[in-house]
$ cat target_38.cif   # mmCIF, C-alpha atoms
data_coords
loop_
_atom_site.label_atom_id
_atom_site.label_comp_id
_atom_site.auth_asym_id
_atom_site.auth_seq_id
_atom_site.Cartn_x
_atom_site.Cartn_y
_atom_site.Cartn_z
CA MET Q 165 -57.44 123.59 45.88
CA ALA Q 166 -60.45 125.61 44.87
CA ASN Q 167 -62.20 127.53 47.61
CA VAL Q 168 -65.25 125.41 48.37
CA ARG Q 169 -66.05 126.97 51.72
CA ALA Q 170 -69.00 128.93 50.41
CA THR Q 171 -70.79 125.70 49.47
CA SER Q 172 -70.27 124.03 52.83
CA LYS Q 173 -73.27 122.93 54.88
CA ALA Q 174 -72.44 121.57 58.32
CA ARG Q 175 -68.70 121.78 58.96
CA PRO Q 176 -66.73 120.60 61.96
CA PRO Q 177 -64.58 122.93 64.00
CA ALA Q 178 -60.90 122.99 63.10
CA PRO Q 179 -58.80 120.30 64.80
CA PHE Q 180 -58.09 121.13 68.39
CA CYS Q 181 -55.77 119.98 71.12
CA ALA Q 182 -57.88 117.83 73.40
CA SER Q 183 -56.95 116.26 76.69
CA VAL Q 184 -55.79 112.72 76.04
CA GLN Q 185 -54.43 109.96 78.21
CA PRO Q 186 -50.96 108.52 77.62
CA TRP Q 187 -50.98 104.90 76.56
CA PRO Q 188 -48.03 102.50 76.36
CA PRO Q 189 -47.30 101.61 72.72
CA PRO Q 190 -46.65 98.06 71.53
CA HIS Q 191 -43.09 96.81 71.98
CA ARG Q 192 -42.64 96.51 68.22
CA LEU Q 193 -43.71 99.35 65.95
CA THR Q 194 -44.39 97.31 62.83
CA PHE Q 195 -47.65 97.77 60.94
CA ASP Q 196 -49.07 94.45 62.13
CA ALA Q 197 -47.98 94.94 65.74
CA ILE Q 198 -49.56 98.39 65.91
CA ARG Q 199 -52.78 97.11 64.31
CA ASP Q 200 -53.04 94.21 66.74
CA SER Q 201 -52.34 96.47 69.71
CA VAL Q 202 -54.88 99.21 68.96
CA VAL Q 203 -57.55 96.67 67.97
CA ALA Q 204 -57.06 94.56 71.11
CA SER Q 205 -57.10 97.64 73.35
CA GLY Q 206 -60.16 98.99 71.55
CA ARG Q 207 -62.03 95.75 72.12
CA GLU Q 208 -61.09 95.76 75.79
CA PHE Q 209 -61.94 99.39 76.57
CA GLY Q 210 -64.35 100.36 73.78
CA VAL Q 211 -62.48 103.57 72.90
CA GLU Q 212 -60.05 104.77 70.24
CA PHE Q 213 -56.28 104.41 70.60
CA LEU Q 214 -53.66 106.18 68.51
CA VAL Q 215 -50.06 105.41 67.60
CA ALA Q 216 -48.08 107.87 65.46
CA ILE Q 217 -44.68 107.00 64.00
CA ASN Q 218 -42.34 108.91 61.71
CA ARG Q 219 -40.76 107.79 58.44
CA ASP Q 220 -37.96 106.02 60.34
CA GLY Q 221 -40.44 104.00 62.38
CA ASN Q 222 -39.76 105.93 65.58
CA LEU Q 223 -42.60 106.56 68.02
CA ILE Q 224 -43.93 110.13 68.08
CA GLU Q 225 -47.10 109.72 70.15
CA SER Q 226 -49.29 107.03 71.69
CA THR Q 227 -52.59 107.98 73.34
CA LYS Q 228 -56.00 106.78 74.52
CA GLY Q 229 -59.09 108.72 73.46
CA SER Q 230 -62.86 108.33 73.63
CA ARG Q 231 -65.48 106.13 71.96
CA SER Q 232 -65.48 108.18 68.75
CA ASN Q 233 -62.35 110.34 68.92
CA THR Q 234 -58.64 109.81 69.48
CA GLY Q 235 -58.16 113.31 70.82
CA LEU Q 236 -55.13 115.34 69.80
CA SER Q 237 -52.19 116.00 72.10
CA GLN Q 238 -50.05 119.12 71.89
CA LYS Q 239 -47.08 116.99 70.86
CA LEU Q 240 -48.93 115.35 67.97
CA HIS Q 241 -50.45 118.69 66.98
CA ARG Q 242 -46.99 120.21 66.58
CA ALA Q 243 -45.77 117.23 64.57
CA LEU Q 244 -48.77 117.38 62.23
CA LEU Q 245 -47.92 120.98 61.37
CA ASP Q 246 -44.25 120.17 60.63
CA SER Q 247 -43.70 119.00 57.05
CA THR Q 248 -40.52 117.17 58.07
CA SER Q 249 -42.42 114.82 60.40
CA GLN Q 250 -43.72 112.49 57.65
CA LEU Q 251 -46.05 110.74 60.06
CA THR Q 252 -48.06 107.58 59.72
CA VAL Q 253 -50.92 107.73 62.22
CA HIS Q 254 -52.70 104.52 63.19
CA HIS Q 255 -55.92 104.41 65.18
CA ASN Q 256 -58.78 102.00 65.77
CA HIS Q 257 -62.51 102.38 65.11
CA PRO Q 258 -64.52 100.44 67.71
CA SER Q 259 -67.63 101.02 65.57
CA GLY Q 260 -66.15 98.96 62.74
CA ALA Q 261 -66.35 101.85 60.26
CA PRO Q 262 -63.64 102.60 57.67
CA LEU Q 263 -61.77 105.92 57.51
CA THR Q 264 -64.14 108.84 57.98
CA ARG Q 265 -64.17 112.13 56.10
CA TRP Q 266 -62.85 113.75 59.29
CA ASP Q 267 -59.92 111.29 59.32
CA LEU Q 268 -59.19 111.96 55.65
CA ALA Q 269 -59.20 115.74 56.14
CA PHE Q 270 -56.11 115.43 58.35
CA LEU Q 271 -54.14 114.59 55.20
CA ALA Q 272 -54.22 118.32 54.48
CA LEU Q 273 -51.82 118.91 57.37
CA PRO Q 274 -48.22 118.95 56.10
CA GLY Q 275 -46.78 116.58 58.69
CA LEU Q 276 -49.10 113.66 57.92
CA THR Q 277 -48.15 111.20 55.19
CA THR Q 278 -50.57 108.31 55.84
CA ILE Q 279 -53.71 107.93 57.95
CA VAL Q 280 -54.73 104.39 58.95
CA ALA Q 281 -57.93 103.13 60.58
CA HIS Q 282 -58.08 99.61 61.99
CA SER Q 283 -61.76 98.79 62.33
CA SER Q 284 -63.01 96.07 64.62
CA ASN Q 285 -66.56 94.93 65.14
CA LEU Q 286 -68.11 91.59 66.07
CA GLY Q 287 -64.74 89.87 66.10
CA THR Q 288 -63.63 90.85 62.60
CA THR Q 289 -60.94 93.38 61.70
CA ALA Q 290 -60.49 95.42 58.52
CA THR Q 291 -58.04 98.18 57.70
CA SER Q 292 -58.34 101.26 55.51
CA LEU Q 293 -55.52 103.70 54.81
CA ALA Q 294 -55.02 106.79 52.70
CA ARG Q 295 -52.37 109.23 51.58
CA LEU Q 296 -52.13 112.05 49.07
CA SER Q 297 -50.58 111.57 45.66
CA ALA Q 298 -47.87 114.02 44.60
CA GLY Q 299 -50.49 116.04 42.73
CA GLY Q 300 -52.84 116.09 45.70
CA ARG Q 301 -50.07 117.21 48.04
CA GLU Q 302 -49.11 120.01 45.68
CA ALA Q 303 -52.70 121.21 45.47
CA LEU Q 304 -53.09 121.26 49.24
CA ASP Q 305 -49.73 122.98 49.72
CA ARG Q 306 -51.06 125.74 47.48
CA ALA Q 307 -54.21 125.91 49.61
CA ILE Q 308 -52.08 126.16 52.76
CA SER Q 309 -50.09 129.01 51.23
CA TRP Q 310 -53.17 131.23 51.05
CA GLY Q 311 -55.54 129.79 53.64
CA GLY Q 312 -53.32 128.26 56.32
CA GLU Q 313 -53.19 124.65 57.49
CA TYR Q 314 -56.67 124.58 58.96
CA GLY Q 315 -58.15 126.36 55.98
CA ALA Q 316 -56.77 123.52 53.86
CA PHE Q 317 -58.09 120.98 56.40
CA LEU Q 318 -61.62 122.34 56.11
CA ASP Q 319 -61.39 122.67 52.34
CA LEU Q 320 -60.44 119.00 52.07
CA TYR Q 321 -63.27 118.06 54.43
CA ASP Q 322 -65.65 119.93 52.13
CA ALA Q 323 -64.14 118.55 48.93
CA LEU Q 324 -65.00 115.00 50.02
CA ASP Q 325 -68.60 115.91 50.90
CA LEU Q 326 -70.05 114.36 47.76
CA PRO Q 327 -73.62 113.26 47.11
CA PHE Q 328 -73.93 109.71 45.90
CA SER Q 329 -75.88 109.62 42.65
CA PHE Q 330 -76.83 106.00 43.34
CA ASP Q 331 -78.26 106.52 46.83
CA GLU Q 332 -81.81 105.81 45.66
CA SER Q 333 -80.87 102.47 44.14
CA ILE Q 334 -79.08 101.47 47.35
CA GLN Q 335 -82.14 102.47 49.38
CA GLU Q 336 -84.22 100.22 47.14
CA GLU Q 337 -81.88 97.31 47.89
CA ILE Q 338 -82.37 97.95 51.63
CA PHE Q 339 -86.16 98.08 51.31
CA ARG Q 340 -86.14 94.80 49.38
CA GLY Q 341 -84.06 93.20 52.14
CA LEU Q 342 -81.16 92.42 49.81
CA ILE Q 343 -78.63 94.34 51.93
CA ASP Q 344 -78.71 95.87 55.40
CA VAL Q 345 -77.89 99.42 56.42
CA ALA Q 346 -74.36 98.50 57.50
CA GLU Q 347 -73.62 97.03 54.06
CA ALA Q 348 -75.07 100.13 52.40
CA ASN Q 349 -72.82 102.38 54.49
CA ILE Q 350 -69.77 100.30 53.57
CA CYS Q 351 -70.77 100.49 49.89
CA ASN Q 352 -71.01 104.28 50.07
CA LYS Q 353 -67.66 104.60 51.81
CA LEU Q 354 -65.91 102.23 49.39
CA ALA Q 355 -67.40 104.24 46.53
CA LEU Q 356 -65.81 107.38 47.96
CA PHE Q 357 -62.46 105.57 48.29
CA ALA Q 358 -62.69 104.39 44.68
CA ALA Q 359 -63.52 107.91 43.49
CA MET Q 360 -60.55 109.30 45.43
CA ASN Q 361 -58.27 106.80 43.70
CA ARG Q 362 -59.72 107.56 40.27
CA SER Q 363 -59.17 111.28 40.87
CA LYS Q 364 -55.39 110.56 40.98
CA LEU Q 365 -55.16 112.94 43.94
CA PHE Q 366 -55.17 110.21 46.59
CA VAL Q 367 -54.00 106.67 47.13
CA VAL Q 368 -56.54 104.76 49.22
CA ASP Q 369 -56.45 101.09 50.14
CA SER Q 370 -58.92 99.00 52.10
CA ASP Q 371 -59.49 95.34 52.85
CA PHE Q 372 -63.20 95.84 53.53
CA ALA Q 373 -65.14 93.35 51.42
CA PRO Q 374 -67.42 95.24 49.01
CA PRO Q 375 -71.09 94.22 48.91
CA SER Q 376 -72.17 92.40 45.76
CA LEU Q 377 -74.00 95.44 44.39
CA PHE Q 378 -70.73 97.42 44.33
CA GLY Q 379 -69.91 96.10 40.86
CA ARG Q 380 -73.15 97.33 39.30
CA ALA Q 381 -72.81 99.61 36.28
CA ASP Q 382 -74.79 102.48 37.84
CA ILE Q 383 -72.58 102.49 40.92
CA GLN Q 384 -69.39 102.41 38.86
CA LEU Q 385 -70.70 105.31 36.75
CA GLY Q 386 -71.52 107.20 39.94
CA ILE Q 387 -67.96 106.65 41.17
CA ASP Q 388 -66.59 108.13 37.94
CA GLU Q 389 -68.81 111.19 38.41
CA MET Q 390 -67.62 111.59 42.00
CA ALA Q 391 -63.98 111.44 40.88
CA VAL Q 392 -64.60 114.26 38.40
CA ARG Q 393 -66.17 116.39 41.12
CA ILE Q 394 -63.19 115.81 43.43
CA VAL Q 395 -60.77 116.94 40.74
CA ARG Q 396 -62.86 120.03 40.00
CA ARG Q 397 -62.61 121.06 43.63
CA PHE Q 398 -58.84 121.10 43.52
CA ASP Q 399 -56.97 124.06 42.10
CA ALA Q 400 -56.30 123.42 38.41
CA THR Q 401 -53.13 125.48 38.66
CA ALA Q 402 -51.62 122.72 40.83
CA GLY Q 403 -51.09 120.68 37.68
CA VAL Q 404 -53.88 118.18 38.37
CA THR Q 405 -55.74 117.02 35.27
#
$ encode --input "target_38.cif" --output "structure tokens"
Amino acid sequence: MANVRATSKARPPAPFCASVQPWPPPHRLTFDAIRDSVVASGREFGVEFLVAINRDGNLIESTKGSRSNTGLSQKLHRALLDSTSQLTVHHNHPSGAPLTRWDLAFLALPGLTTIVAHSSNLGTTATSLARLSAGGREALDRAISWGGEYGAFLDLYDALDLPFSFDESIQEEIFRGLIDVAEANICNKLALFAAMNRSKLFVVDSDFAPPSLFGRADIQLGIDEMAVRIVRRFDATAGVT
């Protein structure tokens, strides 16, 4: 991936090993059982819960975090840096938000295959999940080879920091009372997900219902422009076109 660090504005620190509390996982480690467990626990305690499983469906880690962070145990940290782990990491978002750019940046770490956020707010639940395509993984492996795992993490965080060319039109919809701020935020996030898919570097899925304005021509054109910018930020030598 191209070195985009020089263009970064406000960047987070690299992932760190934070103190987390152990949390008993659900008895069954199916997708639905994990979703129901982290969502129910999130509603009860108002914090994030995490369940990480490997490709065989075996439990790797299960922890309780804070209101806006799962934390990161030493055990999970080691697994995320091991390319043989092939982890799927589930967690809940008590705020109801989809996957964040911080969540997505963890895909740069070689041990993570899929990141999943189960979002719950006001009694409704929606899920968003993402993984790298083969081309995206190759590009980030090249970035790791010269910048290390956390260099790649921060590069991916930066690569997804894209201005929305249709922000002004969305603001106008808010001022006219046609949508609220929450709907506008969902629209922006779904636009990023769509651009990631169109870049062919990611596979992103979400069952968040898009606001009605999402289908507008100017928004769809903006998504195409975002996809082009994502591709440009990845190293062309990785075979991504």
$ resolve_selection --input "target_38.cif" --expression "the PyMOL selection byres ((chain Q and resi 255) around 6)" --output "ChimeraX atom specification"
/Q:213-214,254,256,281
$ atom_distance --input "target_38.cif" --atom1 "CA of Lys364 in chain Q" --atom2 "CA of His257 in chain Q"
26.5 Å
$ atom_distance --input "target_38.cif" --atom1 "CA of Val368 in chain Q" --atom2 "CA of Leu304 in chain Q"
16.9 Å
$ atom_distance --input "target_38.cif" --atom1 "CA of Val203 in chain Q" --atom2 "CA of Arg242 in chain Q"
25.8 Å
$ resolve_selection --input "target_38.cif" --expression "the PyMOL selection byres ((chain Q and resi 273) around 12)" --output "ChimeraX atom specification"
/Q:178-179,240-251,267-272,274-279,295-296,301,304-305,307-309,312-321
$ closest_residue --input "target_38.cif" --among "Q:Ala216, Q:Ala290, Q:Ala261, Q:Leu324" --to "Ser232 in chain Q" --atoms "only C-alpha atoms"
Q:Ala261
$ closest_residue --input "target_38.cif" --among "Q:Val395, Q:Arg380, Q:His282, Q:Thr252" --to "Gly299 in chain Q" --atoms "all atoms listed in the file"
Q:Val395
$ resolve_selection --input "target_38.cif" --expression "the PyMOL selection byres ((chain Q and resi 377) around 10)" --output "PyMOL selection string"
chain Q and resi 333-334+337+342-343+347-348+351+374-376+378-383
$ closest_residue --input "target_38.cif" --among "Q:Phe339, Q:Gly287, Q:Gln185, Q:Gly221" --to "Glu208 in chain Q" --atoms "only C-alpha atoms"
Q:Gly287
$ closest_residue --input "target_38.cif" --among "Q:Ala391, Q:Leu356, Q:Leu263, Q:Ala303" --to "Thr291 in chain Q" --atoms "only C-alpha atoms"
Q:Leu263
$ closest_residue --input "target_38.cif" --among "Q:Leu236, Q:Gly260, Q:Asn361, Q:Lys353" --to "Asn285 in chain Q" --atoms "all atoms listed in the file"
Q:Gly260
$ residues_around --input "target_38.cif" --residues "Arg393 in chain Q" --least-positions-apart "6" --cutoff "9 Å" --atoms "all atoms listed in the file" --output "list in words"
Ala323, Leu326 and Ser363 of chain Q
$ residues_around --input "target_38.cif" --residues "Ser259 in chain Q" --least-positions-apart "5" --cutoff "10 Å" --atoms "all atoms listed in the file" --output "mmCIF file with C-alpha atoms, in the frame of the given file"
data_model
loop_
_atom_site.group_PDB
_atom_site.id
_atom_site.type_symbol
_atom_site.label_atom_id
_atom_site.label_comp_id
_atom_site.auth_asym_id
_atom_site.auth_seq_id
_atom_site.Cartn_x
_atom_site.Cartn_y
_atom_site.Cartn_z
ATOM 1 C CA GLY Q 206 -60.160 98.990 71.550
ATOM 2 C CA GLY Q 210 -64.350 100.360 73.780
ATOM 3 C CA VAL Q 211 -62.480 103.570 72.900
ATOM 4 C CA GLU Q 212 -60.050 104.770 70.240
ATOM 5 C CA ARG Q 231 -65.480 106.130 71.960
ATOM 6 C CA SER Q 232 -65.480 108.180 68.750
ATOM 7 C CA SER Q 283 -61.760 98.790 62.330
ATOM 8 C CA SER Q 284 -63.010 96.070 64.620
ATOM 9 C CA ASN Q 285 -66.560 94.930 65.140
ATOM 10 C CA LEU Q 286 -68.110 91.590 66.070
#
$ axis_aligned_box --input "target_38.cif" --around "range 210-213 of chain Q" --padding-each-side "4 Å" --output "lines of an AutoDock Vina configuration file"
center_x = -60.3
center_y = 102.6
center_z = 72.0
size_x = 16.1
size_y = 12.4
size_z = 11.5
$ build_atoms --input "target_38.cif" --residues "range 337-348 of chain Q" --atoms "all heavy atoms" --output "JSON list (two decimals), keeping the file's coordinate frame"
[["chain", "number", "residue", "atom", "x", "y", "z"],
["Q", 337, "GLU", "N", -82.42, 98.61, 47.49],
["Q", 337, "GLU", "CA", -81.88, 97.31, 47.89],
["Q", 337, "GLU", "C", -82.16, 97.04, 49.38],
["Q", 337, "GLU", "O", -82.45, 95.91, 49.77],
["Q", 337, "GLU", "CB", -80.37, 97.27, 47.64],
["Q", 337, "GLU", "CG", -79.97, 97.44, 46.19],
["Q", 337, "GLU", "CD", -80.22, 96.20, 45.36],
["Q", 337, "GLU", "OE1", -80.21, 95.10, 45.94],
["Q", 337, "GLU", "OE2", -80.42, 96.33, 44.14],
["Q", 338, "ILE", "N", -82.08, 98.10, 50.20],
["Q", 338, "ILE", "CA", -82.37, 97.95, 51.63],
["Q", 338, "ILE", "C", -83.84, 97.59, 51.83],
["Q", 338, "ILE", "O", -84.18, 96.66, 52.58],
["Q", 338, "ILE", "CB", -82.01, 99.24, 52.39],
["Q", 338, "ILE", "CG1", -80.50, 99.51, 52.32],
["Q", 338, "ILE", "CG2", -82.46, 99.14, 53.85],
["Q", 338, "ILE", "CD1", -80.09, 100.84, 52.92],
["Q", 339, "PHE", "N", -84.73, 98.33, 51.16],
["Q", 339, "PHE", "CA", -86.16, 98.08, 51.31],
["Q", 339, "PHE", "C", -86.54, 96.67, 50.87],
["Q", 339, "PHE", "O", -87.44, 96.04, 51.44],
["Q", 339, "PHE", "CB", -86.97, 99.10, 50.50],
["Q", 339, "PHE", "CG", -86.86, 100.50, 51.04],
["Q", 339, "PHE", "CD1", -86.85, 101.59, 50.18],
["Q", 339, "PHE", "CD2", -86.77, 100.74, 52.40],
["Q", 339, "PHE", "CE1", -86.74, 102.89, 50.66],
["Q", 339, "PHE", "CE2", -86.67, 102.04, 52.90],
["Q", 339, "PHE", "CZ", -86.65, 103.10, 52.03],
["Q", 340, "ARG", "N", -85.85, 96.15, 49.88],
["Q", 340, "ARG", "CA", -86.14, 94.80, 49.38],
["Q", 340, "ARG", "C", -85.49, 93.73, 50.24],
["Q", 340, "ARG", "O", -85.68, 92.53, 50.01],
["Q", 340, "ARG", "CB", -85.66, 94.67, 47.94],
["Q", 340, "ARG", "CG", -86.43, 95.54, 46.95],
["Q", 340, "ARG", "CD", -85.77, 95.55, 45.58],
["Q", 340, "ARG", "NE", -85.68, 94.21, 45.01],
["Q", 340, "ARG", "CZ", -84.98, 93.91, 43.92],
["Q", 340, "ARG", "NH1", -84.28, 94.86, 43.31],
["Q", 340, "ARG", "NH2", -84.95, 92.68, 43.45],
["Q", 341, "GLY", "N", -84.70, 94.14, 51.24],
["Q", 341, "GLY", "CA", -84.06, 93.20, 52.14],
["Q", 341, "GLY", "C", -82.86, 92.50, 51.55],
["Q", 341, "GLY", "O", -82.40, 91.48, 52.09],
["Q", 342, "LEU", "N", -82.31, 93.05, 50.46],
["Q", 342, "LEU", "CA", -81.16, 92.42, 49.81],
["Q", 342, "LEU", "C", -79.85, 92.78, 50.50],
["Q", 342, "LEU", "O", -78.88, 92.01, 50.43],
["Q", 342, "LEU", "CB", -81.11, 92.83, 48.33],
["Q", 342, "LEU", "CG", -82.34, 92.42, 47.51],
["Q", 342, "LEU", "CD1", -82.21, 92.90, 46.08],
["Q", 342, "LEU", "CD2", -82.52, 90.89, 47.55],
["Q", 343, "ILE", "N", -79.78, 93.95, 51.12],
["Q", 343, "ILE", "CA", -78.63, 94.34, 51.93],
["Q", 343, "ILE", "C", -79.15, 95.04, 53.18],
["Q", 343, "ILE", "O", -80.30, 95.50, 53.21],
["Q", 343, "ILE", "CB", -77.66, 95.28, 51.17],
["Q", 343, "ILE", "CG1", -78.36, 96.59, 50.80],
["Q", 343, "ILE", "CG2", -77.09, 94.60, 49.94],
["Q", 343, "ILE", "CD1", -77.41, 97.64, 50.24],
["Q", 344, "ASP", "N", -78.30, 95.13, 54.21],
["Q", 344, "ASP", "CA", -78.71, 95.87, 55.40],
["Q", 344, "ASP", "C", -78.05, 97.24, 55.39],
["Q", 344, "ASP", "O", -77.26, 97.58, 54.49],
["Q", 344, "ASP", "CB", -78.38, 95.09, 56.67],
["Q", 344, "ASP", "CG", -76.89, 94.77, 56.82],
["Q", 344, "ASP", "OD1", -76.06, 95.50, 56.25],
["Q", 344, "ASP", "OD2", -76.56, 93.78, 57.50],
["Q", 345, "VAL", "N", -78.39, 98.05, 56.38],
["Q", 345, "VAL", "CA", -77.89, 99.42, 56.42],
["Q", 345, "VAL", "C", -76.37, 99.46, 56.54],
["Q", 345, "VAL", "O", -75.70, 100.29, 55.92],
["Q", 345, "VAL", "CB", -78.55, 100.19, 57.58],
["Q", 345, "VAL", "CG1", -77.91, 101.57, 57.75],
["Q", 345, "VAL", "CG2", -80.05, 100.33, 57.35],
["Q", 346, "ALA", "N", -75.81, 98.53, 57.33],
["Q", 346, "ALA", "CA", -74.36, 98.50, 57.50],
["Q", 346, "ALA", "C", -73.66, 98.24, 56.16],
["Q", 346, "ALA", "O", -72.66, 98.88, 55.84],
["Q", 346, "ALA", "CB", -73.97, 97.43, 58.52],
["Q", 347, "GLU", "N", -74.20, 97.31, 55.37],
["Q", 347, "GLU", "CA", -73.62, 97.03, 54.06],
["Q", 347, "GLU", "C", -73.74, 98.24, 53.14],
["Q", 347, "GLU", "O", -72.83, 98.54, 52.36],
["Q", 347, "GLU", "CB", -74.31, 95.82, 53.43],
["Q", 347, "GLU", "CG", -73.99, 94.49, 54.09],
["Q", 347, "GLU", "CD", -74.78, 93.36, 53.48],
["Q", 347, "GLU", "OE1", -76.02, 93.47, 53.38],
["Q", 347, "GLU", "OE2", -74.16, 92.35, 53.08],
["Q", 348, "ALA", "N", -74.87, 98.93, 53.22],
["Q", 348, "ALA", "CA", -75.07, 100.13, 52.40],
["Q", 348, "ALA", "C", -74.05, 101.21, 52.76],
["Q", 348, "ALA", "O", -73.49, 101.87, 51.88],
["Q", 348, "ALA", "CB", -76.49, 100.66, 52.57]]
